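Everything below belongs to target.txt, which stores compact mmCIF, C-alpha atoms.
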```txt
# COMPACT_ATOMS: atom_id res chain seq x y z
CA MET P 6 0.00 0.00 0.00
CA LYS P 7 2.68 2.49 0.98
CA ALA P 8 4.63 2.02 -2.20
CA TYR P 9 1.39 2.62 -4.05
CA HIS P 10 0.81 5.94 -2.31
CA ARG P 11 4.24 7.13 -3.10
CA LYS P 12 3.82 6.23 -6.73
CA TRP P 13 0.52 8.04 -7.05
CA VAL P 14 1.61 11.08 -5.17
CA SER P 15 4.63 11.49 -7.40
CA LEU P 16 2.63 10.65 -10.50
CA GLY P 17 0.12 13.28 -9.45
CA SER P 18 2.70 15.94 -8.90
CA MET P 19 4.39 15.13 -12.19
CA ALA P 20 1.09 15.35 -14.03
CA GLY P 21 0.36 18.64 -12.32
CA LEU P 22 3.71 20.11 -13.12
CA SER P 23 3.70 19.05 -16.73
CA CYS P 24 0.25 20.56 -16.99
CA TYR P 25 1.73 23.87 -15.98
CA LEU P 26 4.65 23.68 -18.32
CA ILE P 27 2.60 22.69 -21.33
CA LEU P 28 -0.51 24.73 -20.81
CA GLY P 29 0.83 27.74 -19.00
CA SER P 30 -0.04 30.14 -21.76
CA ALA P 31 -3.46 28.91 -22.82
CA ASP P 32 -6.39 31.24 -23.29
CA PRO P 33 -8.07 32.80 -20.28
CA ALA P 34 -11.27 31.05 -19.38
CA ALA P 35 -13.54 30.40 -16.49
CA ALA P 36 -16.62 28.32 -16.09
CA MET P 37 -18.59 27.81 -12.97
CA HIS P 38 -22.23 27.44 -12.40
CA ILE P 39 -24.69 28.81 -14.88
CA ALA P 40 -25.40 32.43 -14.06
CA GLU P 41 -28.77 33.75 -12.98
CA GLY P 42 -31.16 34.17 -15.87
CA PHE P 43 -28.78 32.60 -18.35
CA LEU P 44 -30.93 29.62 -19.22
CA PRO P 45 -34.06 30.07 -21.31
CA VAL P 46 -37.21 29.66 -19.23
CA GLN P 47 -38.11 26.23 -20.58
CA TRP P 48 -34.64 24.84 -19.86
CA ALA P 49 -34.56 26.36 -16.40
CA ALA P 50 -37.90 24.71 -15.67
CA PHE P 51 -36.77 21.43 -17.23
CA TRP P 52 -33.69 21.14 -15.00
CA TRP P 53 -35.72 22.08 -11.95
CA ALA P 54 -38.12 19.26 -12.79
CA VAL P 55 -35.27 16.80 -13.34
CA SER P 56 -33.45 17.69 -10.13
CA LEU P 57 -36.39 17.89 -7.78
CA PRO P 58 -37.07 14.11 -7.48
CA PHE P 59 -33.39 13.45 -6.71
CA PHE P 60 -33.55 16.09 -4.00
CA VAL P 61 -36.70 14.62 -2.47
CA VAL P 62 -35.30 11.08 -2.42
CA GLY P 63 -32.04 12.41 -1.03
CA LEU P 64 -33.87 14.27 1.71
CA ARG P 65 -35.70 11.10 2.67
CA SER P 66 -32.55 9.01 2.90
CA LEU P 67 -30.94 11.83 4.85
CA THR P 68 -33.66 11.72 7.49
CA ARG P 69 -33.49 7.94 7.52
CA ILE P 70 -29.75 7.92 8.12
CA THR P 71 -29.97 10.48 10.90
CA LYS P 72 -32.79 8.53 12.52
CA GLU P 73 -31.17 5.12 12.32
CA HIS P 74 -27.62 6.27 12.99
CA PRO P 75 -27.73 9.48 15.00
CA GLU P 76 -24.03 8.95 15.71
CA LEU P 77 -23.35 9.68 12.05
CA LYS P 78 -24.65 13.24 12.24
CA LEU P 79 -21.20 14.61 12.86
CA LEU P 80 -19.84 12.80 9.85
CA LEU P 81 -22.69 14.24 7.80
CA ALA P 82 -21.75 17.68 9.05
CA LEU P 83 -18.20 17.00 7.96
CA ALA P 84 -19.30 15.99 4.46
CA GLY P 85 -21.40 19.14 4.20
CA ALA P 86 -18.66 21.34 5.59
CA PHE P 87 -16.16 19.88 3.15
CA THR P 88 -18.21 20.83 0.12
CA PHE P 89 -18.97 24.21 1.74
CA VAL P 90 -15.28 25.02 2.04
CA LEU P 91 -14.17 23.65 -1.29
CA SER P 92 -16.85 25.34 -3.34
CA ALA P 93 -15.96 28.68 -1.73
CA LEU P 94 -12.38 28.43 -2.90
CA LYS P 95 -11.86 30.00 -6.25
CA ILE P 96 -8.46 28.71 -7.11
CA PRO P 97 -6.32 30.23 -9.83
CA SER P 98 -5.52 27.85 -12.63
CA VAL P 99 -2.91 27.51 -15.33
CA THR P 100 -5.08 29.16 -17.92
CA GLY P 101 -5.00 32.47 -16.11
CA SER P 102 -8.49 32.23 -14.79
CA SER P 103 -10.02 30.70 -11.74
CA SER P 104 -12.56 28.08 -10.92
CA HIS P 105 -13.49 26.09 -7.88
CA PRO P 106 -13.61 22.49 -6.72
CA THR P 107 -16.97 21.04 -5.69
CA GLY P 108 -16.13 18.84 -2.71
CA THR P 109 -19.06 16.51 -3.30
CA GLY P 110 -16.96 13.38 -3.80
CA LEU P 111 -16.18 12.74 -0.14
CA GLY P 112 -19.80 12.71 0.99
CA ALA P 113 -20.88 10.69 -2.03
CA ILE P 114 -18.38 7.96 -1.18
CA LEU P 115 -19.36 7.98 2.49
CA PHE P 116 -23.11 8.34 2.34
CA GLY P 117 -24.10 7.72 -1.24
CA PRO P 118 -24.75 10.23 -4.00
CA LEU P 119 -28.26 11.33 -3.07
CA ILE P 120 -27.25 12.61 0.34
CA MET P 121 -24.85 14.90 -1.45
CA THR P 122 -27.67 16.12 -3.67
CA VAL P 123 -29.20 17.64 -0.55
CA LEU P 124 -25.97 19.02 0.90
CA GLY P 125 -24.76 20.31 -2.46
CA THR P 126 -28.08 22.02 -3.06
CA LEU P 127 -27.74 23.89 0.22
CA VAL P 128 -24.35 25.18 -0.88
CA LEU P 129 -25.75 26.23 -4.24
CA ILE P 130 -28.65 28.07 -2.62
CA PHE P 131 -26.26 29.93 -0.34
CA GLN P 132 -24.15 30.99 -3.31
CA ALA P 133 -27.08 31.81 -5.56
CA ILE P 134 -28.80 34.06 -3.06
CA LEU P 135 -25.92 35.76 -1.28
CA LEU P 136 -23.16 35.71 -3.83
CA ALA P 137 -24.93 36.09 -7.18
CA HIS P 138 -22.95 32.99 -8.08
CA GLY P 139 -25.16 30.61 -9.99
CA GLY P 140 -28.78 31.59 -9.61
CA VAL P 141 -32.26 30.76 -8.43
CA THR P 142 -33.66 30.22 -11.91
CA THR P 143 -30.64 28.14 -12.88
CA LEU P 144 -30.54 26.32 -9.54
CA GLY P 145 -32.12 23.21 -11.02
CA ALA P 146 -29.46 22.97 -13.71
CA ASN P 147 -26.63 23.67 -11.30
CA VAL P 148 -27.96 21.14 -8.80
CA PHE P 149 -28.08 18.58 -11.58
CA SER P 150 -24.44 19.10 -12.53
CA MET P 151 -22.84 19.66 -9.13
CA ALA P 152 -25.10 17.81 -6.74
CA ILE P 153 -26.43 14.95 -8.86
CA VAL P 154 -24.03 14.04 -11.68
CA GLY P 155 -20.86 14.85 -9.73
CA PRO P 156 -21.69 12.70 -6.68
CA LEU P 157 -23.16 9.90 -8.83
CA VAL P 158 -20.00 9.72 -10.90
CA ALA P 159 -17.79 9.87 -7.81
CA PHE P 160 -19.81 7.09 -6.23
CA GLY P 161 -19.62 4.96 -9.38
CA VAL P 162 -15.91 5.52 -9.92
CA TYR P 163 -15.18 4.65 -6.30
CA GLY P 164 -17.20 1.46 -6.61
CA MET P 165 -15.23 0.42 -9.67
CA VAL P 166 -11.73 1.37 -8.61
CA ILE P 167 -12.10 -0.02 -5.10
CA ARG P 168 -12.04 -3.49 -6.63
CA THR P 169 -8.35 -3.01 -7.29
CA GLY P 170 -7.98 -2.90 -3.51
CA ASN P 171 -6.33 0.51 -3.54
CA GLN P 172 -8.63 2.63 -1.47
CA LYS P 173 -6.75 5.90 -1.72
CA LEU P 174 -6.56 5.66 -5.46
CA ALA P 175 -10.29 4.97 -5.55
CA VAL P 176 -11.02 8.04 -3.42
CA PHE P 177 -8.69 10.22 -5.46
CA LEU P 178 -10.12 9.22 -8.82
CA ALA P 179 -13.69 9.41 -7.55
CA ALA P 180 -13.30 12.99 -6.37
CA MET P 181 -11.30 14.05 -9.40
CA ILE P 182 -13.53 12.54 -12.06
CA GLY P 183 -16.65 13.67 -10.20
CA ASN P 184 -15.33 17.21 -10.36
CA LEU P 185 -14.53 17.03 -14.08
CA LEU P 186 -17.89 15.50 -14.95
CA THR P 187 -19.67 18.25 -13.04
CA TYR P 188 -18.28 20.80 -15.40
CA LEU P 189 -18.76 18.59 -18.42
CA THR P 190 -22.43 18.44 -17.48
CA THR P 191 -22.59 22.22 -17.31
CA ALA P 192 -21.18 22.35 -20.83
CA VAL P 193 -23.82 19.88 -22.04
CA GLN P 194 -26.58 21.91 -20.41
CA LEU P 195 -25.39 25.13 -21.97
CA ALA P 196 -24.95 23.53 -25.38
CA LEU P 197 -28.46 22.07 -25.23
CA ALA P 198 -29.92 25.44 -24.37
CA PHE P 199 -27.75 27.38 -26.78
CA PRO P 200 -26.99 25.30 -29.87
CA ALA P 201 -24.83 27.19 -32.32
CA VAL P 202 -26.49 28.57 -35.42
CA GLN P 203 -23.88 26.71 -37.41
CA GLY P 204 -22.97 23.27 -36.15
CA GLY P 205 -25.73 23.07 -33.57
CA PHE P 206 -25.28 21.26 -30.31
CA LEU P 207 -21.83 19.85 -31.01
CA ALA P 208 -20.27 23.14 -32.02
CA SER P 209 -21.68 24.79 -28.91
CA PHE P 210 -20.61 21.90 -26.74
CA ALA P 211 -17.05 22.13 -28.02
CA LYS P 212 -17.04 25.83 -27.26
CA PHE P 213 -18.33 25.45 -23.70
CA VAL P 214 -16.06 22.50 -22.96
CA GLY P 215 -13.14 24.50 -24.24
CA ILE P 216 -13.92 27.20 -21.72
CA PHE P 217 -13.45 25.02 -18.69
CA ALA P 218 -11.53 21.92 -19.73
CA ILE P 219 -7.97 23.02 -19.09
CA THR P 220 -8.83 25.35 -16.25
CA GLN P 221 -10.59 22.60 -14.41
CA PHE P 222 -7.95 19.92 -14.69
CA PRO P 223 -5.49 21.07 -12.01
CA LEU P 224 -8.42 21.91 -9.76
CA ALA P 225 -9.75 18.41 -10.14
CA ILE P 226 -6.37 17.06 -9.07
CA SER P 227 -6.40 19.39 -6.05
CA GLU P 228 -9.86 18.22 -5.15
CA GLY P 229 -8.75 14.60 -5.39
CA LEU P 230 -5.74 15.22 -3.15
CA LEU P 231 -7.75 17.11 -0.53
CA THR P 232 -10.39 14.41 -0.46
CA VAL P 233 -7.75 11.72 0.06
CA LEU P 234 -6.29 13.81 2.87
CA VAL P 235 -9.56 14.00 4.77
CA TRP P 236 -10.27 10.37 3.96
CA GLY P 237 -6.97 9.38 5.55
CA TRP P 238 -7.89 11.18 8.77
CA LEU P 239 -11.26 9.53 8.81
CA GLN P 240 -9.69 6.13 8.43
CA LYS P 241 -7.37 6.84 11.28
CA TYR P 242 -9.75 8.48 13.72
CA GLY P 243 -13.25 7.73 12.54
CA GLN P 244 -13.24 3.96 12.30
CA GLN P 245 -16.46 3.67 14.32
CA GLU P 246 -18.35 5.79 11.84
CA LEU P 247 -16.88 4.14 8.80
CA GLN P 248 -17.84 0.78 10.19
CA ALA P 249 -21.33 2.01 10.85
CA LEU P 250 -21.42 2.79 7.16
CA ASN P 251 -20.38 -0.78 6.38
CA ILE P 252 -17.61 0.33 4.17
CA PHE P 253 -15.24 -2.41 5.08
CA GLU P 254 -17.52 -5.37 5.06
CA THR P 255 -17.97 -5.71 1.37
CA GLY P 256 -15.19 -3.56 0.07
CA ALA P 257 -17.84 -1.49 -1.59
CA ILE P 258 -20.46 0.64 -0.02
CA THR P 259 -23.76 -0.67 1.11
CA HIS P 260 -26.37 1.54 2.64
CA GLU P 261 -29.84 1.35 4.01
CA MET I 12 7.68 7.00 3.57
CA ASN I 13 5.34 7.20 6.48
CA LYS I 14 1.79 8.40 6.54
CA LEU I 15 2.68 11.82 7.81
CA SER I 16 5.00 12.71 4.99
CA SER I 17 2.57 11.48 2.36
CA ASN I 18 0.00 13.85 3.86
CA TRP I 19 2.46 16.69 3.63
CA LEU I 20 3.22 15.79 0.05
CA MET I 21 -0.46 16.05 -0.77
CA VAL I 22 -0.69 19.43 0.94
CA LEU I 23 2.37 20.52 -0.99
CA GLY I 24 0.82 19.30 -4.24
CA VAL I 25 -2.35 21.30 -3.67
CA THR I 26 -0.34 24.37 -2.70
CA ILE I 27 1.74 24.17 -5.86
CA LEU I 28 -1.34 23.66 -8.00
CA ALA I 29 -3.07 26.62 -6.38
CA LEU I 30 -0.23 29.10 -6.09
CA GLY I 31 1.86 28.08 -9.08
CA PRO I 32 -0.28 29.96 -11.58
CA LEU I 33 0.10 33.16 -9.57
CA PHE I 34 3.84 33.02 -10.02
CA MET I 35 3.74 31.85 -13.60
CA LEU I 36 1.20 34.32 -14.87
CA GLN I 37 2.26 37.51 -13.22
CA GLY I 38 0.04 40.53 -13.50
CA LYS I 39 -2.91 38.57 -14.74
CA GLU I 40 -6.31 39.09 -13.23
CA PHE I 41 -7.64 35.62 -12.62
CA GLY I 42 -10.90 35.79 -14.43
CA ALA I 43 -14.48 36.54 -13.78
CA THR I 44 -16.64 33.92 -12.16
CA ASP I 45 -19.37 33.07 -14.57
CA GLY I 46 -18.10 35.61 -17.03
CA ASN I 47 -16.76 33.38 -19.74
CA ASN I 48 -19.82 31.19 -19.92
CA THR I 49 -22.09 34.16 -20.26
CA ALA I 50 -19.75 35.75 -22.77
CA ALA I 51 -19.83 32.57 -24.84
CA ILE I 52 -23.62 32.44 -24.66
CA GLN I 53 -23.86 35.96 -25.94
CA GLU I 54 -21.44 35.15 -28.70
CA ILE I 55 -23.56 32.23 -29.88
CA HIS I 56 -26.89 33.94 -29.38
CA PRO I 57 -26.21 37.68 -29.42
CA ASP I 58 -29.87 38.57 -28.86
CA TYR I 59 -30.32 36.43 -25.75
CA LYS I 60 -31.33 38.51 -22.77
CA PRO I 61 -31.08 37.09 -19.25
CA TRP I 62 -34.61 37.11 -17.93
CA PHE I 63 -33.91 37.14 -14.24
CA GLU I 64 -31.67 39.22 -12.04
CA PRO I 65 -29.65 37.95 -9.08
CA VAL I 66 -31.44 38.39 -5.77
CA ILE I 67 -28.58 40.53 -4.53
CA LYS I 68 -27.05 42.36 -7.42
CA ASP I 69 -23.40 43.20 -7.68
CA SER I 70 -22.36 43.81 -4.09
CA GLY I 71 -18.80 44.66 -5.06
CA PRO I 72 -15.55 42.80 -4.58
CA GLU I 73 -15.21 43.65 -0.88
CA ILE I 74 -18.53 42.11 0.07
CA GLN I 75 -17.98 39.15 -2.22
CA THR I 76 -14.73 38.47 -0.43
CA PHE I 77 -16.48 38.73 2.91
CA LEU I 78 -19.17 36.27 1.86
CA PHE I 79 -16.80 33.77 0.30
CA ALA I 80 -14.50 33.96 3.31
CA THR I 81 -17.49 33.43 5.58
CA GLN I 82 -18.53 30.38 3.59
CA ALA I 83 -15.06 28.89 3.72
CA GLY I 84 -14.68 29.82 7.39
CA ILE I 85 -17.90 28.14 8.45
CA GLY I 86 -17.02 25.03 6.51
CA ALA I 87 -13.46 24.85 7.77
CA GLY I 88 -14.61 25.46 11.33
CA ILE I 89 -17.08 22.59 11.25
CA ALA I 90 -14.66 20.25 9.49
CA GLY I 91 -11.91 21.06 11.99
CA TYR I 92 -14.30 20.54 14.89
CA VAL I 93 -15.42 17.12 13.69
CA LEU I 94 -11.94 15.88 12.82
CA GLY I 95 -10.55 17.20 16.09
CA LEU I 96 -13.31 15.53 18.02
CA TYR I 97 -12.69 12.21 16.28
CA LYS I 98 -8.99 12.45 16.92
CA GLY I 99 -9.45 13.34 20.58
CA ARG I 100 -11.91 10.52 20.99
CA SER I 101 -9.62 7.90 19.50
CA GLN I 102 -6.73 9.11 21.63
CA ALA I 103 -8.87 8.96 24.75
CA HIS I 104 -9.76 5.38 23.79
CA LYS I 105 -6.13 4.46 23.50
CA LYS I 106 -5.44 5.78 26.98
CA THR I 107 -8.32 4.06 28.72
CA ASP I 108 -8.13 0.62 27.13
CA PRO I 109 -4.66 -0.10 25.85
```
Using structure tokens, write down the structure from this file.
Amino acid sequence: MKAYHRKWVSLGSMAGLSCYLILGSADPAAAMHIAEGFLPVQWAAFWWAVSLPFFVVGLRSLTRITKEHPELKLLLALAGAFTFVLSALKIPSVTGSSSHPTGTGLGAILFGPLIMTVLGTLVLIFQAILLAHGGVTTLGANVFSMAIVGPLVAFGVYGMVIRTGNQKLAVFLAAMIGNLLTYLTTAVQLALAFPAVQGGFLASFAKFVGIFAITQFPLAISEGLLTVLVWGWLQKYGQQELQALNIFETGAITHE
Amino acid sequence: MNKLSSNWLMVLGVTILALGPLFMLQGKEFGATDGNNTAAIQEIHPDYKPWFEPVIKDSGPEIQTFLFATQAGIGAGIAGYVLGLYKGRSQAHKKTDP
């Protein structure tokens, strides 16, 4: 295991550094959540309708978890706090613009993706109302990308990679790919709502992906590293909680 | 390499990733939040008008900083509290039943 860590840490740093050297002078770009009012009414309504059921189911499993395992409330608070911090950090990136991690991977691995739908939505509401970052009309779309797709992907990636037996790698990749897919989803949403006059959806998609792709990559690595860091502490000091979550029994996560 | 130093390496990695660009791209203003998305939208559909205004309109960079710092502070405070509690608890366990 230890040799593995070392390898991945150095691989990670090498990848990060080469990123800088190669892409240091790329175009400025930034992509975050979709801004207030920047989705046509029908798309805004559509994404609200899509996201709402996930939120409701998530809310129900949240109340079930807190009822059945009140001792896990603190861990829930940690998962929420983690995404609260990370999504507040606008980190400069190699492209000369900034973007932020999402922090939804940790909670998704611990509690399942739908719990993070609820916690992620709270973060998005905070930012939409107080910070004019994202928006109320676009909340549905932003919830779908950051609080539904991101956690689902993280959860899925963790489930797949954990079979290799390397838990840290699984956590790292889950958080990192969850982050990237969040922004990919935003690009899909924008391209659907704003297909280019020439080239339609694909041309638009390429344009929106181009805005965030390179910017987001180092941030995704950062998010992966930070998630592994917190995960390591949890493994060391929070065994009781992790066992309550059944993580170690099957090697994958079972809930409910 | 023990656990501690691998943690520090990860912290170092994040620090380099976050601060590196500041050194490499001197004098650059690290871009607007949703700016580039909205700019791209208006490039593709020049006549699109946003149909809803933010609840709190532009409160200026000072207030934005305050709010973002508050968000990060609350989150970090809670995370630190929980992790500290877990650590203290497991150390107390070690002392009582060796």
Listing only residues of chain I within 8 Å of chain P, what is the closest atom pair and its distance in Å (to one decimal) for each, using all atoms listed in the file, sorted by chain and residue number ascending, as a Markdown table?
```
| residue | atom | partner | partner_atom | distance |
| --- | --- | --- | --- | --- |
| I:Met12 | CA | P:Lys7 | CA | 7.2 |
| I:Asn13 | CA | P:Lys7 | CA | 7.7 |
| I:Ser17 | CA | P:Arg11 | CA | 7.2 |
| I:Asn18 | CA | P:Leu234 | CA | 6.4 |
| I:Leu20 | CA | P:Val14 | CA | 7.2 |
| I:Met21 | CA | P:Leu230 | CA | 5.9 |
| I:Val22 | CA | P:Leu231 | CA | 7.6 |
| I:Gly24 | CA | P:Ser18 | CA | 6.0 |
| I:Val25 | CA | P:Ser227 | CA | 5.1 |
| I:Leu28 | CA | P:Pro223 | CA | 6.3 |
| I:Ala29 | CA | P:Ile96 | CA | 5.8 |
| I:Leu30 | CA | P:Pro97 | CA | 7.2 |
| I:Gly31 | CA | P:Val99 | CA | 7.9 |
| I:Pro32 | CA | P:Val99 | CA | 5.2 |
| I:Leu33 | CA | P:Pro97 | CA | 7.1 |
| I:Met35 | CA | P:Gly29 | CA | 7.4 |
| I:Leu36 | CA | P:Gly101 | CA | 6.6 |
| I:Lys39 | CA | P:Gly101 | CA | 6.6 |
| I:Glu40 | CA | P:Gly101 | CA | 7.3 |
| I:Phe41 | CA | P:Ser102 | CA | 4.1 |
| I:Gly42 | CA | P:Ser102 | CA | 4.3 |
| I:Ala43 | CA | P:Ala35 | CA | 6.8 |
| I:Thr44 | CA | P:Ala35 | CA | 6.4 |
| I:Asp45 | CA | P:Met37 | CA | 5.6 |
| I:Gly46 | CA | P:Ala35 | CA | 6.9 |
| I:Asn47 | CA | P:Ala35 | CA | 5.5 |
| I:Asn48 | CA | P:Ala36 | CA | 5.8 |
| I:Thr49 | CA | P:Phe43 | CA | 7.1 |
| I:Ala51 | CA | P:Phe213 | CA | 7.4 |
| I:Ile52 | CA | P:Phe199 | CA | 6.9 |
| I:Ile55 | CA | P:Ala201 | CA | 5.7 |
| I:His56 | CA | P:Phe199 | CA | 7.1 |
| I:Lys60 | CA | P:Phe43 | CA | 7.8 |
| I:Pro61 | CA | P:Gly42 | CA | 4.5 |
| I:Trp62 | CA | P:Gly42 | CA | 5.0 |
| I:Phe63 | CA | P:Gly42 | CA | 4.4 |
| I:Glu64 | CA | P:Glu41 | CA | 6.3 |
| I:Pro65 | CA | P:Ala137 | CA | 5.4 |
| I:Val66 | CA | P:Ile134 | CA | 5.8 |
| I:Ile67 | CA | P:Ala137 | CA | 6.3 |
| I:Lys68 | CA | P:Ala137 | CA | 6.6 |
| I:Asp69 | CA | P:Ala137 | CA | 7.3 |
| I:Gln75 | CA | P:Leu136 | CA | 6.4 |
| I:Leu78 | CA | P:Leu136 | CA | 7.0 |
| I:Phe79 | CA | P:Ala93 | CA | 5.5 |
| I:Ala80 | CA | P:Ala93 | CA | 7.4 |
| I:Gln82 | CA | P:Ala93 | CA | 6.1 |
| I:Ala83 | CA | P:Val90 | CA | 4.2 |
| I:Gly84 | CA | P:Val90 | CA | 7.2 |
| I:Ile85 | CA | P:Ala86 | CA | 7.4 |
| I:Gly86 | CA | P:Ala86 | CA | 4.1 |
| I:Ala87 | CA | P:Val90 | CA | 6.0 |
| I:Ile89 | CA | P:Ala86 | CA | 6.0 |
| I:Ala90 | CA | P:Leu83 | CA | 5.0 |
| I:Val93 | CA | P:Leu79 | CA | 6.4 |
| I:Leu94 | CA | P:Trp238 | CA | 7.4 |
| I:Tyr97 | CA | P:Tyr242 | CA | 5.4 |
| I:Lys98 | CA | P:Tyr242 | CA | 5.2 |
| I:Arg100 | CA | P:Tyr242 | CA | 7.9 |
| I:Ser101 | CA | P:Tyr242 | CA | 5.8 |
```
So that all listed atoms of segment 203-209 of chain P fit with 8 Å spare on each side, what axis-aligned box centre and edge lengths in Å, to one decimal, would you give as AutoDock Vina command-line options?
```
--center_x -23.0 --center_y 23.3 --center_z -33.2 --size_x 21.5 --size_y 22.9 --size_z 24.5
```
- Two-atom distance - atom CA of Gly88 of chain I, atom CA of Lys78 of chain P (Å): 15.8 Å
- Atomic separation - atom CA of Ile219 of chain P relative to atom CA of Met181 of chain P, Å: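 Interatomic distance here is 13.6 Å.
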- Message: Nearest residue to Gln172 of chain P out of P:Val148, P:Ala218, P:Leu67, P:Ile114, using all atoms listed in the file?
- Response: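 Among P:Val148, P:Ala218, P:Leu67, P:Ile114, it is P:Ile114 that comes nearest to Gln172 of chain P.
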- Item | Exercise: Leu115 of chain P partners within 12 Å, only C-alpha atoms, chain neighbours under 4 positions left out, as number ranges by chain | P: 70, 77, 80-85, 109-111, 119-121, 156, 159-160, 163-164, 176, 179-180, 232, 235-236, 239-240, 243, 246-253, 257-260
Let me see the file: selected residues, C-alpha atoms, as a tab-separated table (two decimals), keeping the file's coordinate frame.
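Result file follows (selection.tsv):
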```tsv
chain	number	residue	atom	x	y	z
P	70	ILE	CA	-29.75	7.92	8.12
P	77	LEU	CA	-23.35	9.68	12.05
P	80	LEU	CA	-19.84	12.80	9.85
P	81	LEU	CA	-22.69	14.24	7.80
P	82	ALA	CA	-21.75	17.68	9.05
P	83	LEU	CA	-18.20	17.00	7.96
P	84	ALA	CA	-19.30	15.99	4.46
P	85	GLY	CA	-21.40	19.14	4.20
P	109	THR	CA	-19.06	16.51	-3.30
P	110	GLY	CA	-16.96	13.38	-3.80
P	111	LEU	CA	-16.18	12.74	-0.14
P	119	LEU	CA	-28.26	11.33	-3.07
P	120	ILE	CA	-27.25	12.61	0.34
P	121	MET	CA	-24.85	14.90	-1.45
P	156	PRO	CA	-21.69	12.70	-6.68
P	159	ALA	CA	-17.79	9.87	-7.81
P	160	PHE	CA	-19.81	7.09	-6.23
P	163	TYR	CA	-15.18	4.65	-6.30
P	164	GLY	CA	-17.20	1.46	-6.61
P	176	VAL	CA	-11.02	8.04	-3.42
P	179	ALA	CA	-13.69	9.41	-7.55
P	180	ALA	CA	-13.30	12.99	-6.37
P	232	THR	CA	-10.39	14.41	-0.46
P	235	VAL	CA	-9.56	14.00	4.77
P	236	TRP	CA	-10.27	10.37	3.96
P	239	LEU	CA	-11.26	9.53	8.81
P	240	GLN	CA	-9.69	6.13	8.43
P	243	GLY	CA	-13.25	7.73	12.54
P	246	GLU	CA	-18.35	5.79	11.84
P	247	LEU	CA	-16.88	4.14	8.80
P	248	GLN	CA	-17.84	0.78	10.19
P	249	ALA	CA	-21.33	2.01	10.85
P	250	LEU	CA	-21.42	2.79	7.16
P	251	ASN	CA	-20.38	-0.78	6.38
P	252	ILE	CA	-17.61	0.33	4.17
P	253	PHE	CA	-15.24	-2.41	5.08
P	257	ALA	CA	-17.84	-1.49	-1.59
P	258	ILE	CA	-20.46	0.64	-0.02
P	259	THR	CA	-23.76	-0.67	1.11
P	260	HIS	CA	-26.37	1.54	2.64
```
- What is the distance, in Å and to one decimal place, between atom CA of Ile130 of chain P and atom CA of Leu197 of chain P?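 Between atom CA of Ile130 of chain P and atom CA of Leu197 of chain P the gap is 23.4 Å.
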Will you model N, CA and C atoms for segment 92-103 of chain I and pass it back as a compact mmCIF listing (two decimals), in the frame of the given file?
```txt
# COMPACT_ATOMS: atom_id res chain seq x y z
N TYR I 92 -13.66 20.99 13.65
CA TYR I 92 -14.30 20.54 14.89
C TYR I 92 -14.52 19.03 14.86
N VAL I 93 -15.11 18.55 13.78
CA VAL I 93 -15.42 17.12 13.69
C VAL I 93 -14.15 16.28 13.70
N LEU I 94 -13.17 16.67 12.87
CA LEU I 94 -11.94 15.88 12.82
C LEU I 94 -11.21 15.91 14.16
N GLY I 95 -11.20 17.09 14.79
CA GLY I 95 -10.55 17.20 16.09
C GLY I 95 -11.23 16.34 17.14
N LEU I 96 -12.55 16.35 17.08
CA LEU I 96 -13.31 15.53 18.02
C LEU I 96 -13.00 14.05 17.83
N TYR I 97 -12.99 13.61 16.57
CA TYR I 97 -12.69 12.21 16.28
C TYR I 97 -11.30 11.85 16.77
N LYS I 98 -10.36 12.74 16.52
CA LYS I 98 -8.99 12.45 16.92
C LYS I 98 -8.89 12.36 18.43
N GLY I 99 -9.48 13.35 19.12
CA GLY I 99 -9.45 13.34 20.58
C GLY I 99 -10.09 12.09 21.13
N ARG I 100 -11.20 11.70 20.52
CA ARG I 100 -11.91 10.52 20.99
C ARG I 100 -11.05 9.27 20.85
N SER I 101 -10.39 9.13 19.70
CA SER I 101 -9.62 7.90 19.50
C SER I 101 -8.38 7.89 20.39
N GLN I 102 -7.87 9.08 20.71
CA GLN I 102 -6.73 9.11 21.63
C GLN I 102 -7.16 8.78 23.06
N ALA I 103 -8.35 9.26 23.43
CA ALA I 103 -8.87 8.96 24.75
C ALA I 103 -9.10 7.45 24.89
```
